[in-house]
$ cat query13.cif   # mmCIF, C-alpha atoms
data_run
loop_
_atom_site.label_atom_id
_atom_site.label_comp_id
_atom_site.auth_asym_id
_atom_site.auth_seq_id
_atom_site.Cartn_x
_atom_site.Cartn_y
_atom_site.Cartn_z
CA GLY A 1 -17.26 -49.35 -15.24
CA ALA A 2 -13.90 -51.04 -14.66
CA ASN A 3 -13.18 -48.89 -11.60
CA ASP A 4 -16.75 -48.74 -10.24
CA THR A 5 -16.01 -51.31 -7.55
CA PHE A 6 -19.11 -50.83 -5.41
CA SER A 7 -21.49 -51.09 -8.38
CA GLN A 8 -19.72 -54.33 -9.28
CA ILE A 9 -20.22 -55.56 -5.70
CA LEU A 10 -23.91 -54.56 -5.89
CA PHE A 11 -24.31 -56.41 -9.21
CA ALA A 12 -22.52 -59.46 -7.76
CA GLY A 13 -24.86 -59.30 -4.75
CA VAL A 14 -27.92 -59.38 -7.00
CA ARG A 15 -26.36 -62.25 -8.96
CA PHE A 16 -25.69 -64.36 -5.87
CA THR A 17 -29.09 -63.61 -4.33
CA VAL A 18 -30.74 -64.89 -7.52
CA ALA A 19 -28.34 -67.86 -7.59
CA GLY A 20 -29.28 -68.78 -4.02
CA ALA A 21 -32.98 -68.45 -4.80
CA LEU A 22 -32.56 -70.74 -7.85
CA VAL A 23 -30.72 -73.41 -5.84
CA ILE A 24 -33.36 -73.30 -3.11
CA LEU A 25 -36.20 -73.39 -5.67
CA PHE A 26 -34.88 -76.27 -7.78
CA SER A 27 -33.76 -78.37 -4.81
CA SER A 28 -37.11 -77.80 -3.05
CA VAL A 29 -39.05 -78.87 -6.16
CA SER A 30 -36.81 -81.95 -6.46
CA ALA A 31 -37.30 -82.84 -2.78
CA LYS A 32 -41.04 -81.98 -2.97
CA LYS A 33 -40.71 -79.80 0.12
CA PHE A 34 -39.33 -76.38 0.95
CA LEU A 35 -35.69 -76.81 1.97
CA VAL A 36 -34.89 -74.38 4.73
CA PRO A 37 -32.31 -74.76 7.50
CA THR A 38 -34.20 -75.35 10.74
CA GLU A 39 -31.50 -76.44 13.19
CA ARG A 40 -29.47 -73.71 14.90
CA ARG A 41 -26.25 -75.47 13.81
CA THR A 42 -27.23 -75.42 10.12
CA ILE A 43 -28.40 -71.80 10.24
CA SER A 44 -25.13 -70.65 11.80
CA ARG A 45 -23.12 -72.65 9.24
CA CYS A 46 -25.04 -71.07 6.34
CA PHE A 47 -24.31 -67.64 7.81
CA ILE A 48 -20.59 -68.42 8.34
CA LEU A 49 -20.25 -69.75 4.79
CA SER A 50 -22.08 -66.72 3.38
CA LEU A 51 -19.60 -64.38 5.07
CA ILE A 52 -16.51 -66.33 3.96
CA GLN A 53 -17.40 -67.88 0.60
CA THR A 54 -19.56 -65.11 -0.86
CA VAL A 55 -19.11 -61.79 0.99
CA ALA A 56 -15.42 -61.84 1.94
CA GLN A 57 -14.19 -63.68 -1.15
CA TYR A 58 -15.88 -61.43 -3.68
CA ILE A 59 -15.49 -58.10 -1.89
CA PHE A 60 -11.76 -58.79 -1.56
CA PHE A 61 -11.71 -59.89 -5.20
CA TYR A 62 -13.43 -56.83 -6.68
CA VAL A 63 -11.47 -54.37 -4.55
CA GLY A 64 -8.24 -56.15 -5.49
CA LEU A 65 -9.12 -56.36 -9.17
CA ALA A 66 -9.60 -52.58 -9.28
CA HIS A 67 -5.97 -52.13 -8.17
CA THR A 68 -4.09 -54.88 -10.01
CA SER A 69 -3.89 -56.50 -13.43
CA GLY A 70 -5.99 -59.41 -14.62
CA VAL A 71 -2.79 -61.43 -14.99
CA ASN A 72 -1.82 -60.90 -11.36
CA ALA A 73 -5.35 -61.71 -10.19
CA SER A 74 -5.51 -64.99 -12.16
CA VAL A 75 -2.12 -66.21 -10.95
CA ILE A 76 -2.67 -65.22 -7.31
CA GLU A 77 -6.20 -66.70 -7.24
CA ALA A 78 -4.70 -70.05 -8.26
CA VAL A 79 -2.83 -70.10 -4.92
CA ASN A 80 -6.17 -70.98 -3.27
CA VAL A 81 -5.45 -74.64 -4.11
CA PHE A 82 -2.33 -74.59 -1.90
CA PHE A 83 -4.21 -72.72 0.83
CA ALA A 84 -7.02 -75.29 0.78
CA ILE A 85 -4.66 -78.28 1.03
CA ILE A 86 -2.66 -76.72 3.87
CA ILE A 87 -5.77 -75.69 5.85
CA SER A 88 -7.39 -79.09 5.26
CA ALA A 89 -4.32 -81.08 6.33
CA MET A 90 -2.85 -78.96 9.12
CA PHE A 91 -5.89 -77.41 10.82
CA PHE A 92 -8.83 -79.74 10.12
CA LYS A 93 -6.93 -83.03 9.72
CA GLN A 94 -9.18 -83.97 6.79
CA GLU A 95 -6.30 -85.53 4.83
CA LYS A 96 -2.53 -85.95 4.89
CA LEU A 97 -0.18 -83.45 3.30
CA THR A 98 1.61 -85.68 0.80
CA ALA A 99 4.47 -85.11 -1.63
CA LYS A 100 2.18 -86.29 -4.44
CA SER A 101 -0.41 -83.59 -3.80
CA ILE A 102 2.23 -80.86 -3.44
CA VAL A 103 4.04 -81.89 -6.66
CA GLY A 104 0.77 -82.12 -8.58
CA CYS A 105 -0.30 -78.68 -7.38
CA LEU A 106 3.06 -77.17 -8.30
CA ILE A 107 2.82 -78.59 -11.84
CA GLY A 108 -0.73 -77.25 -12.21
CA PHE A 109 0.27 -73.87 -10.78
CA ILE A 110 3.11 -73.56 -13.30
CA GLY A 111 0.50 -74.15 -16.01
CA VAL A 112 -1.63 -71.31 -14.61
CA VAL A 113 1.39 -68.99 -14.57
CA ILE A 114 2.24 -69.88 -18.18
CA VAL A 115 -1.30 -69.28 -19.46
CA ASN A 116 -1.22 -65.81 -17.84
CA ILE A 117 2.23 -64.74 -18.98
CA SER A 118 2.01 -61.63 -21.12
CA SER A 119 5.01 -59.81 -22.51
CA GLY A 120 3.16 -56.52 -22.27
CA GLU A 121 2.49 -56.69 -18.53
CA ASN A 122 4.58 -56.95 -15.41
CA ALA A 123 2.89 -59.99 -13.91
CA PHE A 124 5.02 -60.22 -10.80
CA SER A 125 4.77 -56.81 -9.11
CA PHE A 126 2.89 -56.74 -5.79
CA ASN A 127 0.82 -54.14 -3.94
CA PHE A 128 -1.36 -54.80 -0.92
CA LEU A 129 -4.52 -52.96 -1.97
CA GLY A 130 -4.54 -54.87 -5.25
CA ASP A 131 -2.61 -58.13 -5.01
CA GLY A 132 -2.99 -58.35 -1.22
CA MET A 133 -6.79 -58.24 -1.55
CA ILE A 134 -6.63 -61.01 -4.18
CA VAL A 135 -4.56 -63.12 -1.75
CA LEU A 136 -7.25 -62.60 0.92
CA SER A 137 -9.90 -63.56 -1.66
CA ALA A 138 -8.00 -66.77 -2.45
CA LEU A 139 -7.65 -67.51 1.27
CA SER A 140 -11.40 -66.99 1.78
CA TYR A 141 -12.17 -69.35 -1.11
CA ALA A 142 -9.82 -72.01 0.26
CA LEU A 143 -11.22 -71.77 3.79
CA SER A 144 -14.80 -72.00 2.49
CA SER A 145 -13.92 -75.18 0.54
CA VAL A 146 -12.54 -76.81 3.68
CA LEU A 147 -15.56 -75.68 5.73
CA ILE A 148 -17.97 -77.11 3.12
CA LYS A 149 -16.14 -80.43 3.43
CA GLU A 150 -16.41 -80.26 7.22
CA TYR A 151 -20.03 -79.07 7.38
CA SER A 152 -21.25 -81.56 4.77
CA LYS A 153 -20.55 -84.41 7.19
CA LYS A 154 -23.81 -83.54 8.95
CA ASP A 155 -25.56 -81.01 6.68
CA ASN A 156 -26.92 -81.16 3.14
CA PRO A 157 -24.38 -79.40 0.85
CA VAL A 158 -27.18 -78.22 -1.44
CA ILE A 159 -28.94 -76.45 1.43
CA LEU A 160 -25.63 -74.94 2.50
CA ALA A 161 -24.91 -73.73 -1.06
CA GLY A 162 -28.34 -72.23 -1.66
CA TRP A 163 -28.78 -70.40 1.62
CA GLN A 164 -25.21 -69.15 1.91
CA PHE A 165 -25.57 -67.61 -1.57
CA PHE A 166 -28.93 -66.06 -0.72
CA ILE A 167 -27.76 -64.58 2.61
CA GLY A 168 -24.37 -63.52 1.26
CA GLY A 169 -25.94 -61.94 -1.83
CA ILE A 170 -28.27 -59.80 0.27
CA ILE A 171 -25.34 -58.65 2.45
CA MET A 172 -23.33 -57.73 -0.67
CA CYS A 173 -26.30 -55.79 -2.10
CA ILE A 174 -26.59 -53.77 1.10
CA PHE A 175 -22.82 -53.20 1.27
CA GLY A 176 -22.47 -52.16 -2.38
CA PHE A 177 -25.54 -49.88 -2.33
CA ALA A 178 -24.58 -48.23 0.98
CA LEU A 179 -21.17 -47.28 -0.43
CA GLY A 180 -22.59 -45.72 -3.59
CA GLY A 181 -22.97 -48.65 -5.96
CA ARG A 182 -25.81 -48.35 -8.45
CA ILE A 183 -27.19 -50.33 -11.39
CA GLU A 184 -28.21 -47.51 -13.73
CA LYS A 185 -29.19 -49.44 -16.85
CA ILE A 186 -31.54 -52.41 -16.98
CA SER A 187 -32.19 -54.07 -20.35
CA GLY A 188 -33.60 -57.38 -21.53
CA ASN A 189 -30.15 -58.60 -22.56
CA GLY A 190 -28.68 -57.46 -19.25
CA ALA A 191 -31.38 -59.28 -17.28
CA ALA A 192 -30.81 -62.43 -19.33
CA MET A 193 -27.06 -62.22 -18.67
CA LEU A 194 -27.75 -61.79 -14.95
CA VAL A 195 -29.90 -64.94 -14.88
CA TYR A 196 -27.24 -66.83 -16.86
CA LEU A 197 -24.48 -65.80 -14.43
CA ALA A 198 -26.72 -66.73 -11.50
CA LEU A 199 -27.28 -70.18 -13.03
CA VAL A 200 -23.53 -70.60 -13.54
CA SER A 201 -22.93 -69.89 -9.84
CA ALA A 202 -25.87 -71.98 -8.68
CA VAL A 203 -24.88 -75.09 -10.65
CA ALA A 204 -21.11 -74.80 -10.20
CA TYR A 205 -21.05 -74.24 -6.45
CA THR A 206 -23.75 -76.83 -5.76
CA VAL A 207 -21.76 -79.47 -7.67
CA TRP A 208 -18.57 -78.21 -5.96
CA GLY A 209 -20.16 -78.75 -2.54
CA ILE A 210 -21.31 -82.27 -3.42
CA LEU A 211 -17.83 -83.15 -4.73
CA LEU A 212 -16.18 -81.84 -1.55
CA LYS A 213 -18.55 -83.91 0.56
CA HIS A 214 -17.39 -87.17 -1.05
CA ASN A 215 -13.74 -86.47 -1.96
CA ASP A 216 -10.51 -85.14 -0.46
CA VAL A 217 -10.15 -81.36 -0.63
CA SER A 218 -6.89 -81.65 -2.61
CA LYS A 219 -8.49 -83.86 -5.31
CA VAL A 220 -11.33 -81.39 -5.87
CA THR A 221 -9.65 -78.01 -5.48
CA VAL A 222 -6.78 -78.87 -7.87
CA ILE A 223 -9.37 -78.95 -10.67
CA GLY A 224 -9.70 -75.19 -10.07
CA PHE A 225 -6.48 -74.82 -12.05
CA MET A 226 -8.66 -75.39 -15.13
CA ASN A 227 -10.47 -72.05 -14.58
CA PRO A 228 -7.98 -69.84 -16.48
CA VAL A 229 -7.57 -72.53 -19.14
CA PHE A 230 -11.32 -72.65 -19.72
CA GLY A 231 -11.29 -68.84 -19.72
CA VAL A 232 -8.87 -68.86 -22.63
CA LEU A 233 -10.78 -71.55 -24.54
CA LEU A 234 -14.17 -69.90 -24.01
CA SER A 235 -12.71 -66.56 -25.13
CA ALA A 236 -11.69 -68.27 -28.33
CA LEU A 237 -15.18 -69.70 -28.86
CA ALA A 238 -17.30 -66.76 -27.71
CA LEU A 239 -15.10 -63.78 -28.60
CA GLY A 240 -13.27 -65.16 -31.63
CA GLU A 241 -9.86 -64.86 -29.95
CA THR A 242 -8.58 -68.03 -31.61
CA ALA A 243 -5.11 -66.68 -32.43
CA GLN A 244 -4.46 -65.81 -28.79
CA ALA A 245 -6.00 -69.02 -27.43
CA PHE A 246 -4.61 -71.75 -29.65
CA ASN A 247 -0.89 -71.12 -29.44
CA LEU A 248 2.03 -73.15 -28.11
CA LYS A 249 2.10 -71.33 -24.76
CA ASN A 250 -1.53 -72.07 -23.92
CA LEU A 251 -1.36 -75.65 -25.16
CA LEU A 252 1.67 -76.21 -22.91
CA ALA A 253 -0.24 -74.67 -20.01
CA LEU A 254 -3.20 -76.99 -20.65
CA VAL A 255 -0.92 -80.04 -20.67
CA LEU A 256 0.74 -79.00 -17.38
CA VAL A 257 -2.61 -78.33 -15.69
CA CYS A 258 -3.93 -81.73 -16.79
CA VAL A 259 -0.75 -83.47 -15.62
CA GLY A 260 -1.03 -81.73 -12.24
CA ILE A 261 -4.65 -82.84 -11.81
CA PHE A 262 -3.70 -86.40 -12.82
CA VAL A 263 -0.81 -86.54 -10.32
CA VAL A 264 -2.96 -85.35 -7.41
CA ASN A 265 -5.78 -87.79 -8.20
CA LYS A 266 -3.65 -90.80 -9.17
CA LYS A 267 -4.02 -93.69 -6.75
CA VAL A 268 -0.78 -94.92 -5.22
CA GLU A 269 -0.41 -98.69 -5.53
CA ASN A 270 0.55 -100.49 -2.33
#

$ encode --input "query13.cif" --output "structure tokens"
Amino acid sequence: GANDTFSQILFAGVRFTVAGALVILFSSVSAKKFLVPTERRTISRCFILSLIQTVAQYIFFYVGLAHTSGVNASVIEAVNVFFAIIISAMFFKQEKLTAKSIVGCLIGFIGVVIVNISSGENAFSFNFLGDGMIVLSALSYALSSVLIKEYSKKDNPVILAGWQFFIGGIIMCIFGFALGGRIEKISGNGAAMLVYLALVSAVAYTVWGILLKHNDVSKVTVIGFMNPVFGVLLSALALGETAQAFNLKNLLALVLVCVGIFVVNKKVEN
């Protein structure tokens, strides 16, 4: 149910546990050996990432989503790009905070706001239990992106992705179940959807980690502005919501998001 937060957390925990297992399985088959963190440093980093990227981010997100609108959540979540750039530049010194990256992010953020504008909702009210939790979720996501960049200097990002998902998923399962979450119905279609969602997480976050290893945080995280745009386009394709998706507002949002990504990633000629 929409308000059954702890069952959602339990379901997410199962999803991420399966996602972690899939990453570990596929990467181990590819490497022809079982990939398991053996060094104390790598084990601790997997645990830290699991707490920040999986447990904290998604618990904050589901609690917040139960107390705010989808519009608010989408717009506030997009702030994670700014958080990531600031944390990366000011605290980890991974890159410089440039006018180009700030301007590009602002353009992309305006696109996210436009794609979420709805005349029927008040998209700019704020309450801590709802919107505040979404802010903490965005902050957790941003911090985890910066940590992946930092940790990948010495550790395999695929191992980090797989094991942080697996550990974090188990913790979320325990947390959701302990607070009353239950998965009452299990069907073939439901199981197939669970595996699909696990694959989405496994592939997306593994690629995300590899990208962060080889690129500046700002250049990678700004692409996250495409999430709500893809959400609109996929809704049109999968749910038949073509009238809502292909309108002037959403096309303008897509253009702004693309311009923002281009500005951040454009090389400055000397």

$ atom_distance --input "query13.cif" --atom1 "atom CA of A:Gly181" --atom2 "atom CA of A:Gln164"
22.1 Å

$ residues_around --input "query13.cif" --residues "A:Leu251" --least-positions-apart "3" --cutoff "12 Å" --atoms "all atoms listed in the file" --output "PyMOL selection string"
chain A and resi 111-112+114-115+229-230+232-233+244-248+254-258

$ closest_atom_pairs --input "query13.cif" --of "stretch 12-131 of chain A" --to "stretch 220-224 of chain A" --cutoff "9 Å" --atoms "all atoms listed in the file" --output "Markdown table"
| residue | atom | partner | partner_atom | distance |
| --- | --- | --- | --- | --- |
| A:Ala78 | CA | A:Gly224 | CA | 7.4 |
| A:Asn80 | CA | A:Thr221 | CA | 8.1 |
| A:Val81 | CA | A:Thr221 | CA | 5.6 |
| A:Phe82 | CA | A:Val222 | CA | 8.6 |
| A:Ala84 | CA | A:Thr221 | CA | 7.3 |
| A:Ile85 | CA | A:Thr221 | CA | 8.2 |
| A:Ser101 | CA | A:Val222 | CA | 8.9 |
| A:Gly104 | CA | A:Val222 | CA | 8.3 |
| A:Cys105 | CA | A:Val222 | CA | 6.5 |
| A:Gly108 | CA | A:Val222 | CA | 7.6 |

$ resolve_selection --input "query13.cif" --expression "the PyMOL selection byres ((chain A and resi 24-32) around 9)" --output "list in words"
Ala19, Gly20, Ala21, Leu22, Val23, Lys33, Phe34, Leu35, Val36, Val158, Ile159, Ala161, Gly162, Trp163 and Phe166 of chain A

$ atom_distance --input "query13.cif" --atom1 "atom CA of A:Leu160" --atom2 "atom CA of A:Ile210"
10.4 Å

$ resolve_selection --input "query13.cif" --expression "the PyMOL selection byres ((chain A and resi 136) around 10)" --output "PyMOL selection string"
chain A and resi 56-61+64+76-77+80+128+131-135+137-142

$ closest_residue --input "query13.cif" --among "A:Lys149, A:Lys185, A:Lys154, A:Lys219" --to "A:Phe11" --atoms "all atoms listed in the file"
A:Lys185

$ residues_around --input "query13.cif" --residues "A:Phe92" --least-positions-apart "2" --cutoff "10 Å" --atoms "all atoms listed in the file" --output "list in words"
Ile86, Ile87, Ser88, Ala89, Met90, Gln94, Glu95, Val146, Leu147, Lys149 and Glu150 of chain A

$ resolve_selection --input "query13.cif" --expression "the PyMOL selection byres ((chain A and resi 45) around 12)" --output "number ranges by chain"
A: 37-44, 46-53, 144, 147-152, 154-157, 159-161, 163-164, 167

$ residues_around --input "query13.cif" --residues "A:Leu197" --least-positions-apart "4" --cutoff "7 Å" --atoms "only C-alpha atoms" --output "PyMOL selection string"
chain A and resi 15+193+201

$ closest_residue --input "query13.cif" --among "A:Val55, A:Leu65, A:Leu10, A:Val103" --to "A:Ile261" --atoms "all atoms listed in the file"
A:Val103

$ residues_around --input "query13.cif" --residues "A:Phe175" --least-positions-apart "3" --cutoff "9 Å" --atoms "all atoms listed in the file" --output "JSON list (two decimals) with C-alpha atoms, in the coordinates of the input"
[["chain", "number", "residue", "atom", "x", "y", "z"],
["A", 6, "PHE", "CA", -19.11, -50.83, -5.41],
["A", 9, "ILE", "CA", -20.22, -55.56, -5.70],
["A", 10, "LEU", "CA", -23.91, -54.56, -5.89],
["A", 13, "GLY", "CA", -24.86, -59.30, -4.75],
["A", 170, "ILE", "CA", -28.27, -59.80, 0.27],
["A", 171, "ILE", "CA", -25.34, -58.65, 2.45],
["A", 172, "MET", "CA", -23.33, -57.73, -0.67],
["A", 178, "ALA", "CA", -24.58, -48.23, 0.98],
["A", 179, "LEU", "CA", -21.17, -47.28, -0.43],
["A", 180, "GLY", "CA", -22.59, -45.72, -3.59],
["A", 181, "GLY", "CA", -22.97, -48.65, -5.96]]

$ closest_residue --input "query13.cif" --among "A:Ala198, A:Lys93, A:Asn265, A:Ser187" --to "A:Asn215" --atoms "all atoms listed in the file"
A:Asn265

$ closest_residue --input "query13.cif" --among "A:Val264, A:Leu129, A:Leu234, A:Ala253" --to "A:Ile110" --atoms "all atoms listed in the file"
A:Ala253

$ atom_distance --input "query13.cif" --atom1 "atom CA of A:Val14" --atom2 "atom CA of A:Tyr62"
14.7 Å

$ closest_residue --input "query13.cif" --among "A:Gly231, A:Gly176, A:Gly1, A:Gly168" --to "A:Gly70" --atoms "all atoms listed in the file"
A:Gly231
